[in-house]
Amino acid sequence: MIYKRSSALFNEAKKYIPGGVNSPVRAFNSVGGDPIFVKRAKGAYLYDEDGNRLIDYISSWGPMILGHAHQPVIEAVIEKAKDGTSFGIPTELETKIAKLAVEMVPGIDKIRFVNSGTEACMSAVRLARGYTGKDKIIKFAGCYHGHSDSFLIQAGSGAVTFGAPNSPGVTKGTAKDTLLANYNDLAQVEKIIKANQNDIACIIVEPVPGNMGCIIPNKGFLEGLRKLCDEHQILLVFDEVMTGFRLAKGGVQERLGVLADIVTFGKVVGGGLPVGAFAARKEIMSHLAPEGPVYQAGTLSGNPLAMAAGFAMLDELNKHPEIFEELEKKCAYLYKGLSEVLEKHEIPHTINRMGSMLSVHFEKEAVVDFESAAKANNETFKKYFHGMLKRGVYLPPSAFESYFLNNALSYEDIDFTVSALEDLAPELK
Ligand code: PMP
């Protein structure tokens, strides 16, 4: 494949945009080389500026669960745009999508829409602090909750890819209120709680993390967090920005049967437009302005185009829950294909998967937290990424990211992907 035009566009972009990108992981720093520039996308495929067609396994990092340029979503946005793009005044559509989300997700009565996952998580923590009157939070190493100051402490995703899990610019004062634990280590969480009695407002967790690659919660881990929170008057915040409306209609809460106190969303909920949301029971949400004193606002929050895209997306998922089963089967099929090839060629690996999230770690021991994820062989990952790209398959350009399958992906696309790996495997040894 030729990437001449993409490289030229990247060079031009670097003159005017820091690193040439508006979000760091897009720059391919972790895998090397120039990023591709995309021209358009349809269904399971990306079409780049050099005319290459690529099978897409990132689905815009999650939102495009039904495939790119999905007709009902596109039509909803076009129709809505004809009536104006922003008012800063309430619209009926905001209530319609809020009602639908509350019906789909267990344990929530009210939801507030914002413009990104970062905003959702930042606001959720403020609400937890305002509700409990406590300052500290517990987060897990390798979990990513957006780029708000409190979360850039041992953060996953792009932060670790770029070697800045603790970003300069985050004050010591802020950092001291974020307590760190290892994912899947309940005993450690308990210890931290005991050492900070009456100080912890919330535990924020990606219930199924996707930002150190995909990690699966050990049996009893999420239940254990729920119990500890109940015993110590701590709120449990599930960051379902990746998993919400993806691992099930009602996200991880529904899939694994553990309820959080506050849940955050992003990605799928906006149908590919900039949307985030956070939700909780009535008595928690009533602390939010204008009902309560915890302030949170947004000029473009509830934007009509974003709400139209989000509603079209959620409505289809709600009416066709079989989509989740189809995605599950496709992802299991991909898992089987990739595993068989890697085993046959004796390439040490661990593949974690849940629903339509999956990641390949080039590490033979179980990958259960940030430390074990960081042990994986990044040199092999780089060869894997570029080898697959050369063969027409676009994977996440970092080992600290999850695949997000979309339902436009066909079994033939997956067969093609597995054959590409078969062809590449001898180079990965
Ligand atoms: N939480 C999680 C679990 C995420 O994966 C992300 C983004 N990848 C965020 C929060 C932040 O969302 P956004 O990039 O929309 O600000």
# chains A, B, ... in the order shown; residues from 1 in each chain; ligands from 1
$ residues_near_ligand --ligand "ligand 1" --cutoff "6 Å" --atoms "only C-alpha atoms and all ligand atoms" --output "list in words"
Ser116, Gly117, Thr118, Tyr144, His145, Gly146, Glu206, Asp239, Val241, Met242 and Gly266 of chain A
$ write_last_selection --atoms "C-alpha atoms" --output "mmCIF file, in the first residue's frame"
data_model
loop_
_atom_site.group_PDB
_atom_site.id
_atom_site.type_symbol
_atom_site.label_atom_id
_atom_site.label_comp_id
_atom_site.auth_asym_id
_atom_site.auth_seq_id
_atom_site.Cartn_x
_atom_site.Cartn_y
_atom_site.Cartn_z
ATOM 1 C CA SER A 116 -17.135 14.366 25.744
ATOM 2 C CA GLY A 117 -16.215 11.420 27.918
ATOM 3 C CA THR A 118 -13.703 13.618 29.716
ATOM 4 C CA TYR A 144 -8.247 6.296 31.531
ATOM 5 C CA HIS A 145 -11.100 8.627 32.351
ATOM 6 C CA GLY A 146 -10.272 11.494 30.012
ATOM 7 C CA GLU A 206 -13.595 1.261 33.920
ATOM 8 C CA ASP A 239 -16.842 4.799 33.599
ATOM 9 C CA VAL A 241 -17.573 5.586 28.126
ATOM 10 C CA MET A 242 -16.290 2.578 26.162
ATOM 11 C CA GLY A 266 -19.449 8.714 25.717
#
$ residues_around --residues "Tyr335 (chain A)" --least-positions-apart "2" --cutoff "8 Å" --atoms "only C-alpha atoms" --output "list of chain:residue names"
A:Cys331, A:Ala332, A:Tyr333, A:Gly337, A:Leu338, A:Ser339, A:Ile351, A:Arg353, A:Leu358
$ write_last_selection --atoms "N, CA and C atoms" --output "compact mmCIF listing (two decimals), in the first residue's frame"
# COMPACT_ATOMS: atom_id res chain seq x y z
N CYS A 331 -16.92 -11.29 17.31
CA CYS A 331 -15.70 -11.08 18.07
C CYS A 331 -15.11 -12.42 18.53
N ALA A 332 -15.99 -13.36 18.89
CA ALA A 332 -15.52 -14.69 19.29
C ALA A 332 -14.86 -15.38 18.09
N TYR A 333 -15.42 -15.18 16.92
CA TYR A 333 -14.87 -15.76 15.68
C TYR A 333 -13.49 -15.16 15.39
N GLY A 337 -9.84 -17.15 15.39
CA GLY A 337 -8.96 -17.08 14.22
C GLY A 337 -7.58 -16.56 14.59
N LEU A 338 -7.53 -15.47 15.32
CA LEU A 338 -6.23 -14.88 15.69
C LEU A 338 -5.46 -15.82 16.61
N SER A 339 -6.17 -16.39 17.60
CA SER A 339 -5.51 -17.30 18.55
C SER A 339 -4.88 -18.48 17.84
N ILE A 351 -4.83 -13.08 24.46
CA ILE A 351 -5.90 -12.27 23.87
C ILE A 351 -7.03 -12.17 24.89
N ARG A 353 -10.85 -10.76 25.74
CA ARG A 353 -12.04 -10.37 24.99
C ARG A 353 -13.27 -10.33 25.88
N LEU A 358 -11.73 -6.41 22.29
CA LEU A 358 -10.70 -7.45 22.27
C LEU A 358 -9.34 -6.78 22.20
$ select_by_dssp --residues "region 35-228 of chain A" --states "helix (DSSP H, G or I)" --output "PDB file with C-alpha atoms, in the first residue's frame"
ATOM      1  CA  SER A  59     -14.685   2.206  14.859  1.00  0.00           C
ATOM      2  CA  SER A  60     -13.694   5.764  15.812  1.00  0.00           C
ATOM      3  CA  TRP A  61     -12.500   4.339  19.184  1.00  0.00           C
ATOM      4  CA  GLN A  71     -27.816   5.519   7.131  1.00  0.00           C
ATOM      5  CA  PRO A  72     -30.381   6.203   9.916  1.00  0.00           C
ATOM      6  CA  VAL A  73     -27.805   8.194  11.907  1.00  0.00           C
ATOM      7  CA  ILE A  74     -26.669  10.219   8.889  1.00  0.00           C
ATOM      8  CA  GLU A  75     -30.265  10.958   7.859  1.00  0.00           C
ATOM      9  CA  ALA A  76     -31.197  12.055  11.369  1.00  0.00           C
ATOM     10  CA  VAL A  77     -28.282  14.513  11.446  1.00  0.00           C
ATOM     11  CA  ILE A  78     -29.007  15.926   7.987  1.00  0.00           C
ATOM     12  CA  GLU A  79     -32.701  16.410   8.774  1.00  0.00           C
ATOM     13  CA  LYS A  80     -31.949  18.053  12.109  1.00  0.00           C
ATOM     14  CA  ALA A  81     -29.340  20.402  10.628  1.00  0.00           C
ATOM     15  CA  GLU A  92     -37.863  18.154  23.113  1.00  0.00           C
ATOM     16  CA  LEU A  93     -35.258  15.808  21.632  1.00  0.00           C
ATOM     17  CA  GLU A  94     -33.091  16.111  24.767  1.00  0.00           C
ATOM     18  CA  THR A  95     -35.877  14.615  26.869  1.00  0.00           C
ATOM     19  CA  LYS A  96     -36.515  11.923  24.266  1.00  0.00           C
ATOM     20  CA  ILE A  97     -32.929  10.645  24.322  1.00  0.00           C
ATOM     21  CA  ALA A  98     -32.703  11.027  28.126  1.00  0.00           C
ATOM     22  CA  LYS A  99     -35.858   8.913  28.559  1.00  0.00           C
ATOM     23  CA  LEU A 100     -34.557   6.263  26.187  1.00  0.00           C
ATOM     24  CA  ALA A 101     -31.153   6.086  27.922  1.00  0.00           C
ATOM     25  CA  VAL A 102     -32.805   5.807  31.347  1.00  0.00           C
ATOM     26  CA  GLU A 103     -34.945   2.937  30.017  1.00  0.00           C
ATOM     27  CA  MET A 104     -31.969   1.116  28.540  1.00  0.00           C
ATOM     28  CA  GLY A 117     -16.215  11.420  27.918  1.00  0.00           C
ATOM     29  CA  THR A 118     -13.703  13.618  29.716  1.00  0.00           C
ATOM     30  CA  GLU A 119     -16.406  16.072  30.718  1.00  0.00           C
ATOM     31  CA  ALA A 120     -18.679  13.241  31.800  1.00  0.00           C
ATOM     32  CA  CYS A 121     -16.073  11.720  34.150  1.00  0.00           C
ATOM     33  CA  MET A 122     -14.887  15.072  35.463  1.00  0.00           C
ATOM     34  CA  SER A 123     -18.463  16.071  36.250  1.00  0.00           C
ATOM     35  CA  ALA A 124     -19.282  12.682  37.788  1.00  0.00           C
ATOM     36  CA  VAL A 125     -16.406  13.061  40.241  1.00  0.00           C
ATOM     37  CA  ARG A 126     -17.429  16.612  41.126  1.00  0.00           C
ATOM     38  CA  LEU A 127     -20.940  15.345  41.766  1.00  0.00           C
ATOM     39  CA  ALA A 128     -19.607  12.504  43.925  1.00  0.00           C
ATOM     40  CA  ARG A 129     -17.546  14.988  45.942  1.00  0.00           C
ATOM     41  CA  GLY A 130     -20.460  17.402  46.263  1.00  0.00           C
ATOM     42  CA  TYR A 131     -22.833  14.610  47.300  1.00  0.00           C
ATOM     43  CA  THR A 132     -20.559  12.989  49.871  1.00  0.00           C
ATOM     44  CA  ASP A 149      -6.388  16.849  35.901  1.00  0.00           C
ATOM     45  CA  SER A 150      -7.561  14.405  38.583  1.00  0.00           C
ATOM     46  CA  PHE A 151      -7.347  11.475  36.162  1.00  0.00           C
ATOM     47  CA  GLY A 158      -2.549   7.776  25.024  1.00  0.00           C
ATOM     48  CA  ALA A 159      -1.130   9.029  28.319  1.00  0.00           C
ATOM     49  CA  VAL A 160       0.913   5.867  28.824  1.00  0.00           C
ATOM     50  CA  THR A 161       1.625   5.482  25.117  1.00  0.00           C
ATOM     51  CA  LYS A 172       0.606  18.353  43.423  1.00  0.00           C
ATOM     52  CA  GLY A 173      -2.497  19.563  45.200  1.00  0.00           C
ATOM     53  CA  THR A 174      -4.746  17.849  42.684  1.00  0.00           C
ATOM     54  CA  ALA A 175      -2.610  14.716  42.494  1.00  0.00           C
ATOM     55  CA  LEU A 186      -9.436  -5.794  45.919  1.00  0.00           C
ATOM     56  CA  ALA A 187      -7.231  -6.222  48.993  1.00  0.00           C
ATOM     57  CA  GLN A 188      -5.240  -3.169  48.008  1.00  0.00           C
ATOM     58  CA  VAL A 189      -8.401  -1.079  47.577  1.00  0.00           C
ATOM     59  CA  GLU A 190      -9.510  -2.122  51.035  1.00  0.00           C
ATOM     60  CA  LYS A 191      -6.161  -1.091  52.484  1.00  0.00           C
ATOM     61  CA  ILE A 192      -6.351   2.326  50.830  1.00  0.00           C
ATOM     62  CA  ILE A 193      -9.861   2.858  52.180  1.00  0.00           C
ATOM     63  CA  LYS A 194      -8.775   1.936  55.712  1.00  0.00           C
ATOM     64  CA  ALA A 195      -5.845   4.361  55.509  1.00  0.00           C
ATOM     65  CA  PHE A 221     -13.759  -7.826  41.756  1.00  0.00           C
ATOM     66  CA  LEU A 222     -16.591  -5.484  40.780  1.00  0.00           C
ATOM     67  CA  GLU A 223     -18.878  -7.055  43.382  1.00  0.00           C
ATOM     68  CA  GLY A 224     -16.127  -6.491  45.943  1.00  0.00           C
ATOM     69  CA  LEU A 225     -15.841  -2.816  44.999  1.00  0.00           C
ATOM     70  CA  ARG A 226     -19.621  -2.473  45.357  1.00  0.00           C
ATOM     71  CA  LYS A 227     -19.478  -4.000  48.835  1.00  0.00           C
ATOM     72  CA  LEU A 228     -16.570  -1.846  49.989  1.00  0.00           C
TER      73      LEU A 228
END
$ closest_atom_pairs --of "region 26-116 of chain A" --to "region 370-378 of chain A" --cutoff "12 Å" --atoms "only C-alpha atoms" --output "JSON lines"
{"residue": "A:Ser30", "atom": "CA", "partner": "A:Asn378", "partner_atom": "CA", "distance": 8.5}
{"residue": "A:Val31", "atom": "CA", "partner": "A:Asn378", "partner_atom": "CA", "distance": 8.2}
{"residue": "A:Gly32", "atom": "CA", "partner": "A:Asn378", "partner_atom": "CA", "distance": 11.2}
$ write_last_selection --atoms "N, CA and C atoms" --output "CSV table (one decimal), in the first residue's frame"
chain,number,residue,atom,x,y,z
A,30,SER,N,3.5,5.4,19.2
A,30,SER,CA,3.8,4.2,19.9
A,30,SER,C,4.3,3.1,18.9
A,31,VAL,N,3.8,3.2,17.6
A,31,VAL,CA,4.1,2.2,16.6
A,31,VAL,C,5.1,2.7,15.6
A,32,GLY,N,5.4,4.0,15.6
A,32,GLY,CA,6.3,4.6,14.6
A,32,GLY,C,5.6,4.8,13.2
$ residues_around --residues "region 404-417 of chain A" --least-positions-apart "4" --cutoff "9 Å" --atoms "only C-alpha atoms" --output "count of residues only"
39
$ closest_residue --among "A:Val341, A:Leu179, A:Ile262, A:Leu428" --to "Glu379 (chain A)" --atoms "only C-alpha atoms"
A:Leu428
$ residues_around --residues "Pro426 (chain A)" --least-positions-apart "2" --cutoff "12 Å" --atoms "only C-alpha atoms" --output "list in words"
Val341, Leu342, Glu343, Lys344, His345, Glu346, Ile347, Thr380, Lys383, Tyr384, Gly387, Ala420, Leu421, Glu422, Asp423, Leu424, Leu428 and Lys429 of chain A
$ select_by_dssp --residues "region 92-256 of chain A" --states "strand (DSSP E)" --output "JSON, numbers by chain"
{"A": [110, 111, 112, 113, 114, 136, 137, 138, 139, 140, 178, 179, 180, 181, 200, 201, 202, 203, 204, 205, 235, 236, 237, 238, 239]}
$ write_last_selection --atoms "C-alpha atoms" --output "compact mmCIF listing (two decimals), in the first residue's frame"
# COMPACT_ATOMS: atom_id res chain seq x y z
CA LYS A 110 -31.74 10.88 35.39
CA ILE A 111 -28.99 11.70 32.92
CA ARG A 112 -27.12 14.88 31.99
CA PHE A 113 -25.59 15.25 28.53
CA VAL A 114 -22.19 16.87 28.01
CA LYS A 136 -10.36 12.01 47.67
CA ILE A 137 -10.98 9.55 44.87
CA ILE A 138 -9.58 6.11 44.10
CA LYS A 139 -8.65 5.31 40.52
CA PHE A 140 -6.86 2.34 39.01
CA THR A 178 -6.23 10.86 43.59
CA LEU A 179 -5.34 7.58 45.27
CA LEU A 180 -4.06 4.77 43.07
CA ALA A 181 -4.82 1.09 43.13
CA ILE A 200 -12.96 9.04 49.96
CA ALA A 201 -15.81 10.38 47.84
CA CYS A 202 -15.76 7.77 45.10
CA ILE A 203 -14.02 4.91 43.39
CA ILE A 204 -13.94 5.48 39.65
CA VAL A 205 -13.29 2.45 37.49
CA LEU A 235 -19.89 6.20 45.70
CA LEU A 236 -19.01 3.72 42.98
CA VAL A 237 -18.55 5.38 39.60
CA PHE A 238 -18.52 3.14 36.54
CA ASP A 239 -16.84 4.80 33.60
$ atom_distance --atom1 "CA of Pro168 (chain A)" --atom2 "CA of Ala399 (chain A)"
23.1 Å
$ residues_around --residues "Asp50 (chain A)" --least-positions-apart "4" --cutoff "9 Å" --atoms "only C-alpha atoms" --output "list in words"
Met1, Ile2, Tyr3, Lys4, Arg5, Ser6, Ile36, Phe37, Val38 and Lys39 of chain A
$ closest_residue --among "A:Gly257, A:Asn22, A:Asn318, A:Phe10" --to "Pro35 (chain A)" --atoms "only C-alpha atoms"
A:Phe10
$ closest_residue --among "A:Asp83, A:Leu259, A:Glu316, A:Lys336" --to "Val418 (chain A)" --atoms "only C-alpha atoms"
A:Lys336
$ closest_residue --among "A:Glu427, A:Glu401, A:Asp34, A:Asp48" --to "Cys214 (chain A)" --atoms "only C-alpha atoms"
A:Glu401
$ atom_distance --atom1 "CA of Thr243 (chain A)" --atom2 "CA of Pro207 (chain A)"
8.2 Å
$ closest_residue --among "A:Leu395, A:Val105, A:Val368, A:Leu317" --to "Phe265 (chain A)" --atoms "only C-alpha atoms"
A:Val105
$ closest_residue --among "A:Val21, A:Val268, A:Leu247, A:Ala69" --to "Leu46 (chain A)" --atoms "only C-alpha atoms"
A:Ala69
